[in-house]
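Text of run32.json, listed as JSON, C-alpha atoms:
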[["chain", "number", "residue", "atom", "x", "y", "z"],
["A", 129, "MET", "CA", -27.58, -11.84, 26.07],
["A", 130, "LEU", "CA", -26.80, -11.36, 22.37],
["A", 131, "ASP", "CA", -23.95, -13.40, 20.94],
["A", 132, "LEU", "CA", -21.57, -11.14, 18.99],
["A", 133, "ARG", "CA", -20.46, -13.98, 16.75],
["A", 134, "ARG", "CA", -24.04, -14.60, 15.67],
["A", 135, "LEU", "CA", -24.58, -10.89, 15.17],
["A", 136, "ARG", "CA", -21.58, -10.89, 12.83],
["A", 137, "LEU", "CA", -23.21, -13.65, 10.80],
["A", 138, "LEU", "CA", -26.40, -11.60, 10.59],
["A", 139, "ARG", "CA", -24.49, -8.56, 9.39],
["A", 140, "GLU", "CA", -22.69, -10.63, 6.75],
["A", 141, "LEU", "CA", -25.99, -12.05, 5.53],
["A", 142, "HIS", "CA", -27.34, -8.50, 5.28],
["A", 143, "ALA", "CA", -24.24, -7.33, 3.37],
["A", 144, "ARG", "CA", -23.86, -10.30, 1.02],
["A", 145, "GLY", "CA", -27.41, -11.39, 0.42],
["A", 146, "THR", "CA", -27.15, -15.17, 0.75],
["A", 147, "VAL", "CA", -26.20, -17.69, 3.40],
["A", 148, "ALA", "CA", -23.68, -19.25, 1.01],
["A", 149, "ALA", "CA", -21.92, -15.90, 0.40],
["A", 150, "ALA", "CA", -21.85, -15.09, 4.12],
["A", 151, "ALA", "CA", -20.46, -18.54, 4.88],
["A", 152, "GLU", "CA", -17.73, -18.18, 2.27],
["A", 153, "ALA", "CA", -16.73, -14.75, 3.54],
["A", 154, "LEU", "CA", -16.31, -16.04, 7.09],
["A", 155, "SER", "CA", -14.90, -19.49, 6.19],
["A", 156, "TYR", "CA", -17.87, -21.37, 7.64],
["A", 157, "SER", "CA", -20.08, -24.02, 6.08],
["A", 158, "PRO", "CA", -23.55, -22.85, 4.98],
["A", 159, "SER", "CA", -25.15, -25.31, 7.40],
["A", 160, "THR", "CA", -23.20, -23.82, 10.30],
["A", 161, "VAL", "CA", -24.30, -20.31, 9.36],
["A", 162, "SER", "CA", -27.93, -21.40, 9.01],
["A", 163, "HIS", "CA", -27.84, -23.10, 12.42],
["A", 164, "GLN", "CA", -26.26, -20.09, 14.14],
["A", 165, "LEU", "CA", -28.74, -17.68, 12.56],
["A", 166, "ALA", "CA", -31.59, -19.89, 13.79],
["A", 167, "GLU", "CA", -30.07, -19.77, 17.28],
["A", 168, "LEU", "CA", -29.88, -15.96, 17.06],
["A", 169, "GLN", "CA", -33.55, -15.80, 16.11],
["A", 170, "ARG", "CA", -34.38, -18.01, 19.09],
["A", 171, "GLU", "CA", -32.32, -15.77, 21.40],
["A", 172, "VAL", "CA", -34.05, -12.55, 20.43],
["A", 173, "GLY", "CA", -37.51, -14.11, 20.36],
["A", 174, "VAL", "CA", -38.71, -12.35, 17.20],
["A", 175, "THR", "CA", -38.83, -13.36, 13.55],
["A", 176, "LEU", "CA", -35.63, -12.26, 11.80],
["A", 177, "PHE", "CA", -35.94, -14.20, 8.53],
["A", 178, "VAL", "CA", -38.59, -15.35, 6.11],
["A", 179, "ARG", "CA", -38.12, -17.74, 3.24],
["A", 180, "ASP", "CA", -38.14, -16.18, -0.22],
["A", 181, "GLY", "CA", -37.66, -19.11, -2.56],
["A", 182, "ARG", "CA", -34.27, -20.58, -1.68],
["A", 183, "ARG", "CA", -33.08, -17.39, 0.02],
["A", 184, "LEU", "CA", -33.55, -15.92, 3.48],
["A", 185, "ARG", "CA", -35.05, -12.44, 3.48],
["A", 186, "LEU", "CA", -34.40, -10.23, 6.49],
["A", 187, "THR", "CA", -37.43, -8.82, 8.31],
["A", 188, "GLU", "CA", -37.67, -5.24, 9.53],
["A", 189, "ALA", "CA", -36.70, -6.50, 12.99],
["A", 190, "ALA", "CA", -33.54, -7.99, 11.52],
["A", 191, "HIS", "CA", -32.65, -4.67, 9.88],
["A", 192, "VAL", "CA", -33.05, -2.97, 13.26],
["A", 193, "LEU", "CA", -30.75, -5.55, 14.83],
["A", 194, "VAL", "CA", -28.15, -5.06, 12.06],
["A", 195, "ARG", "CA", -28.03, -1.33, 12.82],
["A", 196, "HIS", "CA", -27.49, -2.03, 16.50],
["A", 197, "ALA", "CA", -24.89, -4.69, 15.65],
["A", 198, "ASP", "CA", -22.81, -2.12, 13.78],
["A", 199, "ALA", "CA", -22.91, 0.15, 16.84],
["A", 200, "LEU", "CA", -21.99, -2.74, 19.15],
["A", 201, "PHE", "CA", -19.01, -3.77, 17.04],
["A", 202, "ALA", "CA", -17.82, -0.15, 16.98],
["A", 203, "ARG", "CA", -18.04, 0.07, 20.78],
["A", 204, "VAL", "CA", -16.20, -3.23, 21.21],
["A", 205, "GLU", "CA", -13.42, -2.08, 18.89],
["A", 206, "ARG", "CA", -13.15, 1.25, 20.71],
["A", 207, "ALA", "CA", -12.97, -0.55, 24.07],
["A", 208, "GLU", "CA", -10.25, -2.93, 22.83],
["A", 209, "ALA", "CA", -8.29, -0.04, 21.34],
["A", 210, "GLU", "CA", -8.45, 2.00, 24.55],
["A", 211, "MET", "CA", -7.42, -0.99, 26.67],
["A", 212, "ALA", "CA", -4.41, -1.57, 24.40],
["A", 213, "ALA", "CA", -3.57, 2.12, 24.63],
["A", 214, "ALA", "CA", -3.74, 2.01, 28.42],
["A", 215, "ALA", "CA", -1.40, -0.97, 28.43],
["A", 216, "ARG", "CA", 0.87, 0.75, 25.87],
["A", 217, "THR", "CA", 1.10, -2.56, 24.02],
["A", 218, "VAL", "CA", 2.09, -2.67, 20.35],
["A", 219, "ALA", "CA", 1.14, -6.26, 19.60],
["A", 220, "GLY", "CA", -1.53, -8.41, 18.07],
["A", 221, "VAL", "CA", -2.61, -8.67, 14.44],
["A", 222, "VAL", "CA", -3.17, -5.78, 12.04],
["A", 223, "ARG", "CA", -4.71, -6.66, 8.67],
["A", 224, "VAL", "CA", -3.71, -4.38, 5.81],
["A", 225, "VAL", "CA", -5.36, -4.28, 2.38],
["A", 226, "ALA", "CA", -3.62, -2.40, -0.43],
["A", 227, "PHE", "CA", -3.74, -2.17, -4.21],
["A", 228, "GLN", "CA", -0.89, -3.70, -6.18],
["A", 229, "THR", "CA", 1.59, -0.87, -6.75],
["A", 230, "ALA", "CA", 1.15, 0.40, -3.20],
["A", 231, "ALA", "CA", 1.62, -3.10, -1.80],
["A", 232, "ILE", "CA", 4.92, -3.39, -3.69],
["A", 233, "THR", "CA", 6.45, 0.04, -3.18],
["A", 234, "LEU", "CA", 4.86, 1.24, 0.07],
["A", 235, "VAL", "CA", 3.47, -1.56, 2.21],
["A", 236, "ALA", "CA", 6.24, -4.13, 1.77],
["A", 237, "PRO", "CA", 9.03, -1.73, 2.84],
["A", 238, "ALA", "CA", 6.86, -0.51, 5.73],
["A", 239, "LEU", "CA", 6.64, -4.09, 7.03],
["A", 240, "GLY", "CA", 10.43, -4.09, 7.44],
["A", 241, "ARG", "CA", 10.19, -1.01, 9.63],
["A", 242, "LEU", "CA", 7.44, -2.60, 11.70],
["A", 243, "ARG", "CA", 9.44, -5.79, 12.25],
["A", 244, "GLU", "CA", 12.40, -3.79, 13.55],
["A", 245, "ARG", "CA", 10.36, -1.47, 15.76],
["A", 246, "HIS", "CA", 7.62, -3.80, 17.03],
["A", 247, "PRO", "CA", 8.58, -7.49, 16.79],
["A", 248, "ALA", "CA", 5.46, -8.54, 18.72],
["A", 249, "LEU", "CA", 3.20, -7.06, 16.05],
["A", 250, "ARG", "CA", 1.92, -9.35, 13.30],
["A", 251, "ALA", "CA", 0.96, -7.59, 10.06],
["A", 252, "GLU", "CA", -1.06, -9.47, 7.45],
["A", 253, "VAL", "CA", -1.30, -8.04, 3.91],
["A", 254, "THR", "CA", -3.90, -8.70, 1.22],
["A", 255, "GLU", "CA", -3.87, -7.19, -2.25],
["A", 256, "ALA", "CA", -7.18, -5.72, -3.43],
["A", 257, "GLU", "CA", -8.52, -2.81, -5.42],
["A", 258, "PRO", "CA", -9.40, 0.32, -3.40],
["A", 259, "GLY", "CA", -13.15, -0.29, -3.61],
["A", 260, "ALA", "CA", -12.78, -3.80, -2.20],
["A", 261, "ALA", "CA", -10.36, -2.51, 0.45],
["A", 262, "LEU", "CA", -12.87, 0.07, 1.65],
["A", 263, "ASP", "CA", -15.63, -2.55, 1.77],
["A", 264, "ALA", "CA", -13.39, -4.82, 3.84],
["A", 265, "LEU", "CA", -12.58, -1.95, 6.19],
["A", 266, "LEU", "CA", -16.25, -1.07, 6.68],
["A", 267, "ARG", "CA", -17.10, -4.74, 7.31],
["A", 268, "ARG", "CA", -14.22, -4.96, 9.82],
["A", 269, "GLU", "CA", -12.51, -7.64, 7.75],
["A", 270, "CYS", "CA", -9.32, -5.58, 7.76],
["A", 271, "ASP", "CA", -7.88, -2.82, 9.93],
["A", 272, "VAL", "CA", -5.99, -0.61, 7.48],
["A", 273, "ALA", "CA", -6.74, 0.18, 3.84],
["A", 274, "VAL", "CA", -4.33, 1.82, 1.40],
["A", 275, "CYS", "CA", -6.36, 3.45, -1.38],
["A", 276, "ASP", "CA", -5.83, 5.85, -4.24],
["A", 277, "ASP", "CA", -7.85, 8.71, -5.66],
["A", 278, "TYR", "CA", -7.43, 10.66, -8.88],
["A", 279, "GLY", "CA", -10.11, 13.25, -8.15],
["A", 280, "THR", "CA", -9.67, 16.96, -7.51],
["A", 281, "PRO", "CA", -10.64, 17.72, -4.82],
["A", 282, "PRO", "CA", -10.09, 14.29, -3.20],
["A", 283, "ARG", "CA", -13.16, 12.16, -2.59],
["A", 284, "GLN", "CA", -15.08, 12.04, 0.66],
["A", 285, "TRP", "CA", -14.56, 8.73, 2.42],
["A", 286, "PRO", "CA", -17.45, 6.89, 4.12],
["A", 287, "ARG", "CA", -18.58, 7.99, 7.56],
["A", 288, "GLY", "CA", -16.67, 6.45, 10.45],
["A", 289, "LEU", "CA", -13.37, 6.28, 8.54],
["A", 290, "VAL", "CA", -10.31, 8.48, 9.02],
["A", 291, "SER", "CA", -8.00, 9.13, 6.06],
["A", 292, "GLU", "CA", -4.49, 10.53, 5.79],
["A", 293, "GLU", "CA", -2.87, 11.45, 2.50],
["A", 294, "LEU", "CA", 0.59, 9.89, 2.29],
["A", 295, "PHE", "CA", 1.82, 11.39, -0.98],
["A", 296, "ALA", "CA", 0.81, 12.37, -4.51],
["A", 297, "GLU", "CA", 2.33, 11.22, -7.78],
["A", 298, "ARG", "CA", 2.14, 12.33, -11.39],
["A", 299, "VAL", "CA", 0.03, 10.50, -13.98],
["A", 300, "HIS", "CA", 1.55, 9.96, -17.45],
["A", 301, "LEU", "CA", 0.19, 9.34, -20.91],
["A", 302, "VAL", "CA", 1.92, 6.16, -22.10],
["A", 303, "LEU", "CA", 2.18, 5.48, -25.84],
["A", 304, "PRO", "CA", 3.91, 2.92, -28.06],
["A", 305, "ARG", "CA", 7.35, 4.31, -28.91],
["A", 306, "SER", "CA", 6.52, 4.85, -32.57],
["A", 307, "HIS", "CA", 3.17, 6.56, -31.89],
["A", 308, "PRO", "CA", 3.03, 10.12, -33.27],
["A", 309, "ALA", "CA", 0.60, 11.56, -30.70],
["A", 310, "THR", "CA", 1.81, 13.95, -28.01],
["A", 311, "GLY", "CA", -1.42, 14.55, -26.07],
["A", 312, "LEU", "CA", -4.84, 13.18, -25.20],
["A", 313, "ARG", "CA", -6.63, 15.14, -27.93],
["A", 314, "ASP", "CA", -4.79, 13.09, -30.57],
["A", 315, "LEU", "CA", -6.08, 9.75, -29.30],
["A", 316, "ALA", "CA", -9.82, 9.69, -29.94],
["A", 317, "ASP", "CA", -9.46, 6.78, -32.40],
["A", 318, "ALA", "CA", -6.82, 4.83, -30.46],
["A", 319, "PRO", "CA", -7.43, 1.53, -28.66],
["A", 320, "TRP", "CA", -7.13, 2.10, -24.90],
["A", 321, "ALA", "CA", -6.09, -0.17, -22.03],
["A", 322, "GLY", "CA", -7.65, 0.53, -18.65],
["A", 323, "GLY", "CA", -8.79, -0.87, -15.34],
["A", 324, "GLN", "CA", -11.65, -3.28, -14.82],
["A", 325, "PRO", "CA", -15.17, -1.80, -14.71],
["A", 326, "GLY", "CA", -15.78, 0.17, -11.53],
["A", 327, "THR", "CA", -12.10, 0.63, -10.62],
["A", 328, "SER", "CA", -10.41, 3.94, -10.00],
["A", 329, "HIS", "CA", -8.15, 3.43, -13.02],
["A", 330, "GLU", "CA", -11.14, 2.98, -15.33],
["A", 331, "ARG", "CA", -12.60, 6.23, -13.97],
["A", 332, "LEU", "CA", -9.24, 7.94, -14.48],
["A", 333, "VAL", "CA", -9.07, 6.98, -18.16],
["A", 334, "ILE", "CA", -12.69, 7.86, -18.89],
["A", 335, "ASP", "CA", -12.60, 11.18, -17.00],
["A", 336, "ALA", "CA", -9.28, 12.28, -18.53],
["A", 337, "CYS", "CA", -10.35, 11.42, -22.06],
["A", 338, "THR", "CA", -13.75, 13.10, -21.79],
["A", 339, "THR", "CA", -12.68, 16.25, -19.90],
["A", 340, "ILE", "CA", -9.25, 16.85, -21.45],
["A", 341, "GLY", "CA", -9.43, 15.00, -24.74],
["A", 342, "GLY", "CA", -13.09, 15.63, -25.52],
["A", 343, "PHE", "CA", -13.92, 12.03, -26.47],
["A", 344, "THR", "CA", -15.05, 8.72, -25.00],
["A", 345, "PRO", "CA", -12.17, 6.23, -25.03],
["A", 346, "ASP", "CA", -12.36, 2.88, -26.80],
["A", 347, "LEU", "CA", -11.47, 0.75, -23.76],
["A", 348, "ARG", "CA", -10.51, -2.39, -25.61],
["A", 349, "HIS", "CA", -8.25, -4.02, -23.01],
["A", 350, "ARG", "CA", -8.87, -4.40, -19.25],
["A", 351, "ALA", "CA", -6.64, -5.39, -16.33],
["A", 352, "THR", "CA", -6.24, -4.63, -12.63],
["A", 353, "ASP", "CA", -2.48, -5.14, -12.93],
["A", 354, "LEU", "CA", -0.89, -1.93, -14.20],
["A", 355, "LEU", "CA", 2.08, -3.94, -15.52],
["A", 356, "VAL", "CA", -0.31, -5.74, -17.87],
["A", 357, "LEU", "CA", -1.48, -2.37, -19.18],
["A", 358, "LEU", "CA", 2.13, -1.29, -19.65],
["A", 359, "SER", "CA", 2.92, -4.50, -21.54],
["A", 360, "LEU", "CA", 0.00, -3.95, -23.90],
["A", 361, "VAL", "CA", 1.28, -0.47, -24.70],
["A", 362, "GLY", "CA", 4.84, -1.72, -25.14],
["A", 363, "ALA", "CA", 3.57, -4.31, -27.62],
["A", 364, "GLY", "CA", 1.92, -1.56, -29.65],
["A", 365, "GLN", "CA", -1.62, -2.74, -28.89],
["A", 366, "ALA", "CA", -2.96, 0.19, -26.87],
["A", 367, "VAL", "CA", -2.38, 3.49, -25.14],
["A", 368, "THR", "CA", -3.04, 4.13, -21.45],
["A", 369, "LEU", "CA", -2.48, 6.36, -18.41],
["A", 370, "LEU", "CA", -0.10, 5.24, -15.65],
["A", 371, "PRO", "CA", 1.15, 6.81, -12.41],
["A", 372, "ASP", "CA", 4.77, 7.16, -11.28],
["A", 373, "LEU", "CA", 4.65, 4.03, -9.10],
["A", 374, "ALA", "CA", 4.05, 1.87, -12.18],
["A", 375, "ARG", "CA", 7.41, 3.15, -13.56],
["A", 376, "PRO", "CA", 6.26, 3.18, -17.20],
["A", 377, "GLU", "CA", 9.58, 4.66, -18.37],
["A", 378, "ARG", "CA", 11.34, 1.32, -17.74],
["A", 379, "ASP", "CA", 9.68, -0.28, -20.78],
["A", 380, "PRO", "CA", 11.83, 0.47, -23.85],
["A", 381, "GLY", "CA", 8.81, 0.04, -26.11],
["A", 382, "VAL", "CA", 6.94, 3.10, -24.81],
["A", 383, "THR", "CA", 7.17, 6.86, -24.65],
["A", 384, "VAL", "CA", 5.92, 8.75, -21.59],
["A", 385, "HIS", "CA", 4.28, 12.19, -21.48],
["A", 386, "PRO", "CA", 3.51, 13.69, -18.02],
["A", 387, "LEU", "CA", 0.01, 15.10, -17.53],
["A", 388, "GLU", "CA", -1.41, 17.65, -15.10],
["A", 389, "ILE", "CA", -3.17, 14.85, -13.22],
["A", 390, "LEU", "CA", -2.20, 13.55, -9.78],
["A", 391, "ARG", "CA", -2.90, 10.26, -8.08],
["A", 392, "ARG", "CA", -3.12, 10.65, -4.31],
["A", 393, "ILE", "CA", -2.36, 7.75, -1.97],
["A", 394, "PHE", "CA", -4.22, 7.48, 1.34],
["A", 395, "VAL", "CA", -4.06, 5.30, 4.43],
["A", 396, "ILE", "CA", -7.53, 4.80, 5.88],
["A", 397, "VAL", "CA", -8.63, 3.29, 9.20],
["A", 398, "ARG", "CA", -11.80, 3.16, 11.26],
["A", 399, "ALA", "CA", -12.10, 6.03, 13.72],
["A", 400, "ASP", "CA", -12.87, 3.55, 16.51],
["A", 401, "SER", "CA", -9.47, 1.89, 16.05],
["A", 402, "LEU", "CA", -7.39, 5.09, 16.32],
["A", 403, "PRO", "CA", -6.47, 4.69, 20.02],
["A", 404, "ARG", "CA", -4.97, 1.25, 19.37],
["A", 405, "PRO", "CA", -1.14, 1.47, 19.47],
["A", 406, "ALA", "CA", -0.75, -1.20, 16.79],
["A", 407, "ILE", "CA", -2.79, 0.88, 14.35],
["A", 408, "SER", "CA", -0.70, 3.95, 15.14],
["A", 409, "ALA", "CA", 2.46, 1.92, 14.56],
["A", 410, "VAL", "CA", 1.30, 0.77, 11.13],
["A", 411, "ARG", "CA", 0.27, 4.28, 10.12],
["A", 412, "THR", "CA", 3.63, 5.65, 11.27],
["A", 413, "ALA", "CA", 5.55, 3.02, 9.31],
["A", 414, "LEU", "CA", 3.53, 3.77, 6.18],
["A", 415, "ARG", "CA", 4.02, 7.50, 6.68],
["A", 416, "ASP", "CA", 7.78, 7.12, 7.12],
["A", 417, "THR", "CA", 8.04, 4.95, 4.01],
["A", 418, "ALA", "CA", 5.90, 7.38, 2.04],
["A", 419, "GLU", "CA", 8.21, 10.27, 2.88],
["A", 420, "GLY", "CA", 10.98, 8.65, 0.85],
["A", 421, "ILE", "CA", 8.64, 8.12, -2.08],
["A", 422, "GLY", "CA", 7.12, 11.58, -1.79],
["A", 423, "ARG", "CA", 10.47, 13.38, -2.13],
["A", 424, "ASN", "CA", 10.41, 12.48, -5.82],
["A", 425, "THR", "CA", 6.77, 13.32, -6.46],
["A", 426, "PRO", "CA", 5.15, 16.69, -7.27],
["A", 427, "GLU", "CA", 3.41, 18.85, -4.71]]

Can the structure from this file be put into structure tokens for me?
Amino acid sequence: MLDLRRLRLLRELHARGTVAAAAEALSYSPSTVSHQLAELQREVGVTLFVRDGRRLRLTEAAHVLVRHADALFARVERAEAEMAAAARTVAGVVRVVAFQTAAITLVAPALGRLRERHPALRAEVTEAEPGAALDALLRRECDVAVCDDYGTPPRQWPRGLVSEELFAERVHLVLPRSHPATGLRDLADAPWAGGQPGTSHERLVIDACTTIGGFTPDLRHRATDLLVLLSLVGAGQAVTLLPDLARPERDPGVTVHPLEILRRIFVIVRADSLPRPAISAVRTALRDTAEGIGRNTPE
């Protein structure tokens, strides 16, 4: 019989590329991972790995097993969720991953609601960018992801995930207080502050500047923390775009101009986890918290 723990190691090796990376992701030593993978190969009786220099390369048989492992993990999660639903038990651990502003203004208040309503439920929160949150959700390293999207229409999420839009908020052009510009078209020569490469905020700045302003922005400063971007603008070193949740108006060194751009906030879970009462409880708490935020945001 296949060992699910060893199958998880195989899937991590497939996803991360090296034994060391898989070991770090799962908090094991590389020697432990190597030993368990060798045991898995012995169990199945076929060659799963070949040496490629100092790395292990997966064989075609291993790729077949990875595909079946994903299906097995989905079935196990569905079975656990349905058993919890049958028992009507709101308990256990739910791991939530959210980006910074959502963790502060949405997730943290929602945890208070959960503690009052379901004291037997343990929620664990990790801050991460939306891309990393989705990867963690797909790898079953978390149970709930809170992500944002600036696109119109909203993006299509990966297969097997279920999304719910919680609210939308306005995006603002944020300038140093003394800056004479009033719109994006005036800022082709300005230094910009934006998100790290590959983040949704970087895409926001580039897309807005190219489609509305007609230029490619000079992204001179980078940060995942929106408060860092706000500080750079307040110090007169850059211009940027920030959503309502960043509260750019609180910095006396900036001026704020609303744009016809919305950031939409989503809660995303795996479809297989939907029957689990604990997942429903977390989604409800996030939804209830979002209603208070959404009253002050545009349709």

Might you pull out every residue within 10 Å of range 211-226 of chain A, with all atoms listed in the file counted and same-chain residues fewer than 2 positions away left off, and present them as an mmCIF file with C-alpha atoms, in the coordinates of the input?
data_model
loop_
_atom_site.group_PDB
_atom_site.id
_atom_site.type_symbol
_atom_site.label_atom_id
_atom_site.label_comp_id
_atom_site.auth_asym_id
_atom_site.auth_seq_id
_atom_site.Cartn_x
_atom_site.Cartn_y
_atom_site.Cartn_z
ATOM 1 C CA GLU A 205 -13.420 -2.080 18.890
ATOM 2 C CA ARG A 206 -13.150 1.250 20.710
ATOM 3 C CA ALA A 207 -12.970 -0.550 24.070
ATOM 4 C CA GLU A 208 -10.250 -2.930 22.830
ATOM 5 C CA ALA A 209 -8.290 -0.040 21.340
ATOM 6 C CA GLN A 228 -0.890 -3.700 -6.180
ATOM 7 C CA THR A 229 1.590 -0.870 -6.750
ATOM 8 C CA ALA A 230 1.150 0.400 -3.200
ATOM 9 C CA ALA A 231 1.620 -3.100 -1.800
ATOM 10 C CA ILE A 232 4.920 -3.390 -3.690
ATOM 11 C CA LEU A 234 4.860 1.240 0.070
ATOM 12 C CA VAL A 235 3.470 -1.560 2.210
ATOM 13 C CA ARG A 245 10.360 -1.470 15.760
ATOM 14 C CA HIS A 246 7.620 -3.800 17.030
ATOM 15 C CA PRO A 247 8.580 -7.490 16.790
ATOM 16 C CA ALA A 248 5.460 -8.540 18.720
ATOM 17 C CA LEU A 249 3.200 -7.060 16.050
ATOM 18 C CA ARG A 250 1.920 -9.350 13.300
ATOM 19 C CA ALA A 251 0.960 -7.590 10.060
ATOM 20 C CA GLU A 252 -1.060 -9.470 7.450
ATOM 21 C CA VAL A 253 -1.300 -8.040 3.910
ATOM 22 C CA THR A 254 -3.900 -8.700 1.220
ATOM 23 C CA GLU A 255 -3.870 -7.190 -2.250
ATOM 24 C CA ALA A 256 -7.180 -5.720 -3.430
ATOM 25 C CA GLU A 257 -8.520 -2.810 -5.420
ATOM 26 C CA PRO A 258 -9.400 0.320 -3.400
ATOM 27 C CA ALA A 260 -12.780 -3.800 -2.200
ATOM 28 C CA ALA A 261 -10.360 -2.510 0.450
ATOM 29 C CA LEU A 262 -12.870 0.070 1.650
ATOM 30 C CA ALA A 264 -13.390 -4.820 3.840
ATOM 31 C CA LEU A 265 -12.580 -1.950 6.190
ATOM 32 C CA ARG A 268 -14.220 -4.960 9.820
ATOM 33 C CA GLU A 269 -12.510 -7.640 7.750
ATOM 34 C CA CYS A 270 -9.320 -5.580 7.760
ATOM 35 C CA ASP A 271 -7.880 -2.820 9.930
ATOM 36 C CA VAL A 272 -5.990 -0.610 7.480
ATOM 37 C CA ALA A 273 -6.740 0.180 3.840
ATOM 38 C CA VAL A 274 -4.330 1.820 1.400
ATOM 39 C CA CYS A 275 -6.360 3.450 -1.380
ATOM 40 C CA ASP A 276 -5.830 5.850 -4.240
ATOM 41 C CA VAL A 395 -4.060 5.300 4.430
ATOM 42 C CA ILE A 396 -7.530 4.800 5.880
ATOM 43 C CA VAL A 397 -8.630 3.290 9.200
ATOM 44 C CA LEU A 402 -7.390 5.090 16.320
ATOM 45 C CA PRO A 403 -6.470 4.690 20.020
ATOM 46 C CA ARG A 404 -4.970 1.250 19.370
ATOM 47 C CA PRO A 405 -1.140 1.470 19.470
ATOM 48 C CA ALA A 406 -0.750 -1.200 16.790
ATOM 49 C CA ILE A 407 -2.790 0.880 14.350
ATOM 50 C CA SER A 408 -0.700 3.950 15.140
ATOM 51 C CA ALA A 409 2.460 1.920 14.560
ATOM 52 C CA VAL A 410 1.300 0.770 11.130
#

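Using all atoms listed in the file for every distance, the candidate list A:Val172, A:Gly323, A:Arg267, A:Ala318 yields A:Arg267 as the residue closest to Leu137 in chain A.
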
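The space between CA of Glu419 in chain A and CA of Ile389 in chain A spans 20.2 Å.
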
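For the set A:Ala399, A:Leu130, A:Val333, A:Leu347, the residue with the smallest atom-to-atom gap to Leu266 in chain A is A:Ala399, counting all atoms listed in the file.
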
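Atom pair CA of Pro304 in chain A / CA of Gly342 in chain A has a distance of 21.4 Å (rounded to one decimal).
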
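Reported to one decimal place, the separation of CA of Arg398 in chain A from CA of Leu200 in chain A is 14.2 Å.
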
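For the residues A:Asp277, A:Asp180, A:Glu140, A:Asp353, ranking by smallest atom-to-atom distance to Ala197 in chain A using all atoms listed in the file places A:Glu140 first.
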
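Each of A:Ala149, A:Leu141, A:Leu132, A:Leu184 was compared to Ala202 in chain A using only C-alpha atoms, and A:Leu132 turns out to be the nearest.
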
Which polymer residues, whether protein, DNA or RNA, lie within 10 Å of the coordinate (-5.1, 14.1, -11.5) when you count only C-alpha atoms? List them as a PDB file with C-alpha atoms, keeping the file's coordinate frame, using the chain letters and numbers from the file.
ATOM      1  CA  ASP A 277      -7.850   8.710  -5.660  1.00  0.00           C
ATOM      2  CA  TYR A 278      -7.430  10.660  -8.880  1.00  0.00           C
ATOM      3  CA  GLY A 279     -10.110  13.250  -8.150  1.00  0.00           C
ATOM      4  CA  THR A 280      -9.670  16.960  -7.510  1.00  0.00           C
ATOM      5  CA  PRO A 281     -10.640  17.720  -4.820  1.00  0.00           C
ATOM      6  CA  PRO A 282     -10.090  14.290  -3.200  1.00  0.00           C
ATOM      7  CA  ALA A 296       0.810  12.370  -4.510  1.00  0.00           C
ATOM      8  CA  GLU A 297       2.330  11.220  -7.780  1.00  0.00           C
ATOM      9  CA  ARG A 298       2.140  12.330 -11.390  1.00  0.00           C
ATOM     10  CA  VAL A 299       0.030  10.500 -13.980  1.00  0.00           C
ATOM     11  CA  HIS A 300       1.550   9.960 -17.450  1.00  0.00           C
ATOM     12  CA  LEU A 332      -9.240   7.940 -14.480  1.00  0.00           C
ATOM     13  CA  ASP A 335     -12.600  11.180 -17.000  1.00  0.00           C
ATOM     14  CA  ALA A 336      -9.280  12.280 -18.530  1.00  0.00           C
ATOM     15  CA  PRO A 371       1.150   6.810 -12.410  1.00  0.00           C
ATOM     16  CA  LEU A 387       0.010  15.100 -17.530  1.00  0.00           C
ATOM     17  CA  GLU A 388      -1.410  17.650 -15.100  1.00  0.00           C
ATOM     18  CA  ILE A 389      -3.170  14.850 -13.220  1.00  0.00           C
ATOM     19  CA  LEU A 390      -2.200  13.550  -9.780  1.00  0.00           C
ATOM     20  CA  ARG A 391      -2.900  10.260  -8.080  1.00  0.00           C
ATOM     21  CA  ARG A 392      -3.120  10.650  -4.310  1.00  0.00           C
TER      22      ARG A 392
END

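Using all atoms listed in the file for every distance, the candidate list A:Ser401, A:Thr383, A:Val174, A:Thr160 yields A:Thr160 as the residue closest to Ala148 in chain A.
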
Across A:Arg136, A:Leu354, A:Pro308, A:Arg241, the smallest distance to Leu373 in chain A, with all atoms listed in the file counted, is shown by A:Leu354

Leaving out Leu360 in chain A and any residue of its chain fewer than 2 positions from it, which residues lie within 12 Å of it when counting all atoms listed in the file, given as a PyMOL selection string?
-> chain A and resi 302-304+319-322+348-351+353-358+362-369+376+379+381-382

If you take every atom of range 283-294 of chain A that the file lists and fit an axis-aligned box around them with 4 Å extra on each side, what centre and edge lengths come out in Å to one decimal, as JSON?
{"center_x": -9.0, "center_y": 9.2, "center_z": 3.9, "size_x": 27.2, "size_y": 13.9, "size_z": 21.0}

Sphere at (2.5, 11.3, -1.6), radius 7 Å, counting all atoms listed in the file: residues as a PyMOL selection string | chain A and resi 293-297+392-393+418+421-422+425
